[in-house]
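Comments concern the structure below.
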Amino acid sequence: MNSLDKFADLTPEQQALLMLKLRRRSASDNAHRINSPAITPRPRNSDLPLSFAQERLWFIDQLEPGDATYNVRRLVRLTGPLDLAALERSFNDVIARHEVLRTTFSLVDGWPRQNIAGNLTLKLVVEDLCNSAEPETELRRFAIAEAEQPFDLTRGPLLRASVVRLGVEEHVLLVTMHHIVSDRWSMGIILRELSTLYDGYVKGKPAVLQELPIQYADFALWQREWLSGPVLEEQLQYWRDQLADAPAVLALPADRARPAVLGNHGRKQRI
C-alpha cells in the first residue's frame, strides 16, 4: 500500500489533521532555513529603536492613553516571616540587572525610542489588612485597583510591587508591569530571580546571579538590523500572498450588536 492509499483510508477529520501537521512542519522548516546573525551586545546611544512587538504596544498606547489592558500582573501568596527590607532590596537588584525594567519611551524625530535609566529605585507599597473584617474581599478589591492603574510610558517606572499583609505570617505580593517591558514568561524569570536573591539576603549569604550575555535593547537592535531589506520583504510578501483573498471584514456569528464604545470584556467557548 502506497502513501496515497494510506491517505485515502483516513477519515476526513484525520486527513485534515494530517494536512495541518504537514503545513506546520513545512512552515517550521522554512523558518529554520532563514539564516539570522547572532545577537551580541551593542553600544548604547541616544537612538535605541523599539522591537517590533514593543512598537505595536507603543502604538496602541498612543491610540488609547491611560488604558491598563496591557498590564501584566502576578499575585503570589507568601507564608511565614517576611523581611520587607530584604524583599525590596531584591527587587532593586532585579531592576539593576535588567535594563528593560529601567526603560521608558519617547518620541525622537517622530519615531519612538528607548530611554534606559542608569538606575531606578523601587519602593514597595504595603497595604495592611490584618484588622479587616473581610480580608480576602479587600484583597481582591486592592488587587483589581492596582491592576487597573495605568502606566505612563514616557515617565515610568513601568513596574510596580505591593505587599498586602493579611496576618503576621501571611502576605500577598502583587507585581504589575506594562507588557512593553515584560510578558508572562519574563514575569516568571523575574520572580525566580527575586526568590533567589531574597533567600540569599535572609540567610546572610547574598546570591550571585550569572551575568546576562545580552539585554533586551540588544535584541531590538538585532531584530531591526536583520529584519530589513530583502529579508523583511520576503517575510512581508509571504503574508501578502497568504492574505490576498482574505475578506475585508471578518463576519463572526454574534448574539448582540457591537457596542458604540469598544470594550475589553469577552468570554471563552471551548470546542
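Going by the C-alpha cells order, chains are called A, B, ..., each with residues numbered from 1, while ligands are numbered from 1 in the order shown.
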I need the residues in stretch 62-266 of chain A that are alpha helix (DSSP H) according to DSSP; give them as a PyMOL selection string. chain A and resi 62-63+84-97+135-147+184-202+216-226+229-242
Would you mind exporting C-alpha atoms of the selected residues as a PDB file, in the first residue's frame?
ATOM      1  CA  GLN A  62      -0.885  56.319  21.657  1.00  0.00           C
ATOM      2  CA  LEU A  63      -4.397  55.383  20.498  1.00  0.00           C
ATOM      3  CA  LEU A  84      10.279  43.593  53.762  1.00  0.00           C
ATOM      4  CA  ALA A  85      13.685  45.276  53.595  1.00  0.00           C
ATOM      5  CA  ALA A  86      15.263  42.172  52.026  1.00  0.00           C
ATOM      6  CA  LEU A  87      12.366  41.858  49.574  1.00  0.00           C
ATOM      7  CA  GLU A  88      12.666  45.494  48.482  1.00  0.00           C
ATOM      8  CA  ARG A  89      16.441  45.146  48.138  1.00  0.00           C
ATOM      9  CA  SER A  90      15.963  42.031  45.995  1.00  0.00           C
ATOM     10  CA  PHE A  91      13.536  43.867  43.719  1.00  0.00           C
ATOM     11  CA  ASN A  92      16.029  46.665  43.178  1.00  0.00           C
ATOM     12  CA  ASP A  93      18.744  44.127  42.386  1.00  0.00           C
ATOM     13  CA  VAL A  94      16.497  42.646  39.695  1.00  0.00           C
ATOM     14  CA  ILE A  95      15.799  46.113  38.283  1.00  0.00           C
ATOM     15  CA  ALA A  96      19.524  46.885  38.201  1.00  0.00           C
ATOM     16  CA  ARG A  97      20.102  43.557  36.421  1.00  0.00           C
ATOM     17  CA  PRO A 135      -9.507  40.487  54.238  1.00  0.00           C
ATOM     18  CA  GLU A 136      -9.939  38.315  51.120  1.00  0.00           C
ATOM     19  CA  THR A 137     -12.641  40.623  49.767  1.00  0.00           C
ATOM     20  CA  GLU A 138     -10.473  43.661  50.450  1.00  0.00           C
ATOM     21  CA  LEU A 139      -7.515  41.882  48.855  1.00  0.00           C
ATOM     22  CA  ARG A 140      -9.481  41.340  45.640  1.00  0.00           C
ATOM     23  CA  ARG A 141     -10.520  44.983  45.578  1.00  0.00           C
ATOM     24  CA  PHE A 142      -6.974  46.164  46.146  1.00  0.00           C
ATOM     25  CA  ALA A 143      -5.589  43.777  43.502  1.00  0.00           C
ATOM     26  CA  ILE A 144      -8.141  44.925  40.903  1.00  0.00           C
ATOM     27  CA  ALA A 145      -7.455  48.596  41.629  1.00  0.00           C
ATOM     28  CA  GLU A 146      -3.709  48.000  41.347  1.00  0.00           C
ATOM     29  CA  ALA A 147      -4.045  46.065  38.096  1.00  0.00           C
ATOM     30  CA  ARG A 184       4.171  36.233  31.360  1.00  0.00           C
ATOM     31  CA  TRP A 185       7.345  34.277  30.574  1.00  0.00           C
ATOM     32  CA  SER A 186       9.524  37.175  31.695  1.00  0.00           C
ATOM     33  CA  MET A 187       7.434  37.590  34.835  1.00  0.00           C
ATOM     34  CA  GLY A 188       8.310  34.018  35.770  1.00  0.00           C
ATOM     35  CA  ILE A 189      12.031  34.717  35.296  1.00  0.00           C
ATOM     36  CA  ILE A 190      11.830  37.861  37.409  1.00  0.00           C
ATOM     37  CA  LEU A 191      10.033  36.072  40.241  1.00  0.00           C
ATOM     38  CA  ARG A 192      12.577  33.227  40.211  1.00  0.00           C
ATOM     39  CA  GLU A 193      15.468  35.682  40.394  1.00  0.00           C
ATOM     40  CA  LEU A 194      13.644  37.635  43.111  1.00  0.00           C
ATOM     41  CA  SER A 195      13.200  34.454  45.137  1.00  0.00           C
ATOM     42  CA  THR A 196      16.883  33.530  44.779  1.00  0.00           C
ATOM     43  CA  LEU A 197      18.088  36.987  45.806  1.00  0.00           C
ATOM     44  CA  TYR A 198      15.648  37.246  48.713  1.00  0.00           C
ATOM     45  CA  ASP A 199      16.632  33.830  50.041  1.00  0.00           C
ATOM     46  CA  GLY A 200      20.282  34.877  49.942  1.00  0.00           C
ATOM     47  CA  TYR A 201      19.693  38.119  51.856  1.00  0.00           C
ATOM     48  CA  VAL A 202      17.574  36.412  54.507  1.00  0.00           C
ATOM     49  CA  TYR A 216      16.535  43.393  25.525  1.00  0.00           C
ATOM     50  CA  ALA A 217      17.813  46.504  23.751  1.00  0.00           C
ATOM     51  CA  ASP A 218      20.458  44.302  22.089  1.00  0.00           C
ATOM     52  CA  PHE A 219      17.657  42.095  20.766  1.00  0.00           C
ATOM     53  CA  ALA A 220      15.710  45.117  19.479  1.00  0.00           C
ATOM     54  CA  LEU A 221      18.764  46.418  17.591  1.00  0.00           C
ATOM     55  CA  TRP A 222      19.491  42.925  16.209  1.00  0.00           C
ATOM     56  CA  GLN A 223      15.890  42.487  15.078  1.00  0.00           C
ATOM     57  CA  ARG A 224      15.769  45.870  13.332  1.00  0.00           C
ATOM     58  CA  GLU A 225      19.044  45.256  11.517  1.00  0.00           C
ATOM     59  CA  TRP A 226      18.231  41.689  10.470  1.00  0.00           C
ATOM     60  CA  GLY A 229      15.832  44.911   3.151  1.00  0.00           C
ATOM     61  CA  PRO A 230      15.370  41.582   1.292  1.00  0.00           C
ATOM     62  CA  VAL A 231      14.775  39.571   4.496  1.00  0.00           C
ATOM     63  CA  LEU A 232      11.911  41.828   5.575  1.00  0.00           C
ATOM     64  CA  GLU A 233      10.465  41.963   2.061  1.00  0.00           C
ATOM     65  CA  GLU A 234      10.429  38.158   1.864  1.00  0.00           C
ATOM     66  CA  GLN A 235       8.523  37.944   5.136  1.00  0.00           C
ATOM     67  CA  LEU A 236       6.041  40.633   4.059  1.00  0.00           C
ATOM     68  CA  GLN A 237       5.481  39.029   0.680  1.00  0.00           C
ATOM     69  CA  TYR A 238       4.632  35.712   2.335  1.00  0.00           C
ATOM     70  CA  TRP A 239       1.777  37.320   4.242  1.00  0.00           C
ATOM     71  CA  ARG A 240       0.631  39.331   1.234  1.00  0.00           C
ATOM     72  CA  ASP A 241       0.232  36.045  -0.617  1.00  0.00           C
ATOM     73  CA  GLN A 242      -1.482  34.298   2.301  1.00  0.00           C
TER      74      GLN A 242
END
Stretch 124-263 of chain A: which residues are strand (DSSP E or B) by DSSP, as a list in words?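 Secondary structure check on stretch 124-263 of chain A, strand (DSSP E or B): Val125, Val126, Glu127, Asp128, Leu159, Arg160, Ala161, Ser162, Val163, Val164, Arg165, Leu166, Gly167, Glu170, His171, Val172, Leu173, Leu174, Val175, Thr176, Met177 and His178 of chain A.
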Kindly export the residues of the current selection with C-alpha atoms, as a PDB file, in the first residue's frame.
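Output saved as out36.pdb:
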ATOM      1  CA  VAL A 125       3.820  49.662  48.751  1.00  0.00           C
ATOM      2  CA  VAL A 126       2.470  47.936  51.885  1.00  0.00           C
ATOM      3  CA  GLU A 127      -1.282  47.516  52.466  1.00  0.00           C
ATOM      4  CA  ASP A 128      -2.219  46.216  55.925  1.00  0.00           C
ATOM      5  CA  LEU A 159       6.991  48.204  37.198  1.00  0.00           C
ATOM      6  CA  ARG A 160       5.090  48.305  40.498  1.00  0.00           C
ATOM      7  CA  ALA A 161       5.158  45.986  43.507  1.00  0.00           C
ATOM      8  CA  SER A 162       2.861  45.868  46.504  1.00  0.00           C
ATOM      9  CA  VAL A 163       2.694  43.695  49.606  1.00  0.00           C
ATOM     10  CA  VAL A 164      -0.676  43.054  51.231  1.00  0.00           C
ATOM     11  CA  ARG A 165      -0.449  41.948  54.864  1.00  0.00           C
ATOM     12  CA  LEU A 166      -3.236  39.523  55.812  1.00  0.00           C
ATOM     13  CA  GLY A 167      -1.665  38.231  59.027  1.00  0.00           C
ATOM     14  CA  GLU A 170       0.571  35.710  55.755  1.00  0.00           C
ATOM     15  CA  HIS A 171       1.241  38.139  52.918  1.00  0.00           C
ATOM     16  CA  VAL A 172       0.410  38.555  49.241  1.00  0.00           C
ATOM     17  CA  LEU A 173       2.875  40.019  46.756  1.00  0.00           C
ATOM     18  CA  LEU A 174       1.378  41.880  43.794  1.00  0.00           C
ATOM     19  CA  VAL A 175       3.638  42.618  40.831  1.00  0.00           C
ATOM     20  CA  THR A 176       2.402  44.687  37.880  1.00  0.00           C
ATOM     21  CA  MET A 177       4.356  45.604  34.751  1.00  0.00           C
ATOM     22  CA  HIS A 178       3.435  47.044  31.383  1.00  0.00           C
TER      23      HIS A 178
END
Counting only C-alpha atoms, the option among A:His98, A:Val249, A:Ala257, A:Asn35 closest to A:Glu211: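 Answer, going by the shortest atom-to-atom distance: A:His98.
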Give me, as a PyMOL selection string, all polymer residues having an atom no more than 12 Å from A:Arg44, counting only C-alpha atoms and skipping those fewer than 2 positions away in the same chain. chain A and resi 41-42+46-49+99+114-118+215-218+220-221
Writing out the chosen residues with C-alpha atoms as a tab-separated table (two decimals), in the first residue's frame:
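Printed below is again_16.tsv as written:
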chain	number	residue	atom	x	y	z
A	41	PRO	CA	25.86	43.24	22.97
A	42	ARG	CA	25.63	46.60	21.21
A	46	SER	CA	20.50	58.00	22.27
A	47	ASP	CA	18.94	56.31	19.24
A	48	LEU	CA	17.71	52.96	20.52
A	49	PRO	CA	14.77	51.67	18.47
A	99	GLU	CA	17.78	47.26	31.55
A	114	GLN	CA	14.01	53.57	24.24
A	115	ASN	CA	15.43	55.56	27.14
A	116	ILE	CA	17.34	53.39	29.63
A	117	ALA	CA	17.83	54.94	33.06
A	118	GLY	CA	21.19	54.37	34.69
A	215	GLN	CA	19.88	42.83	27.24
A	216	TYR	CA	16.53	43.39	25.53
A	217	ALA	CA	17.81	46.50	23.75
A	218	ASP	CA	20.46	44.30	22.09
A	220	ALA	CA	15.71	45.12	19.48
A	221	LEU	CA	18.76	46.42	17.59
Give me the residues near A:Thr154 as an MDAnalysis selection string, where near means some atom within 8 Å (using only C-alpha atoms) and where sequence neighbours in that chain fewer than 3 positions away do not count. chainID A and resid 104:106
In terms of the shortest atom-to-atom distance over only C-alpha atoms, which of A:Pro112, A:Pro81, A:Pro43, A:Pro150 is closest to A:Glu64?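 For A:Glu64, the nearest of the candidates is A:Pro150.
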For atom CA of A:Ser228 and atom CA of A:Leu22, the interatomic separation in Å (one decimal):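 Atom CA of A:Leu22 lies at a distance of 29.0 Å from atom CA of A:Ser228.
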Between atom CA of A:Arg113 and atom CA of A:Val72 lies a distance of 21.5 Å
Quick check, in Å to one decimal: how far apart do atom CA of A:Leu107 and atom CA of A:Arg155 lie?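 Going from atom CA of A:Leu107 over to atom CA of A:Arg155, I get 12.3 Å.
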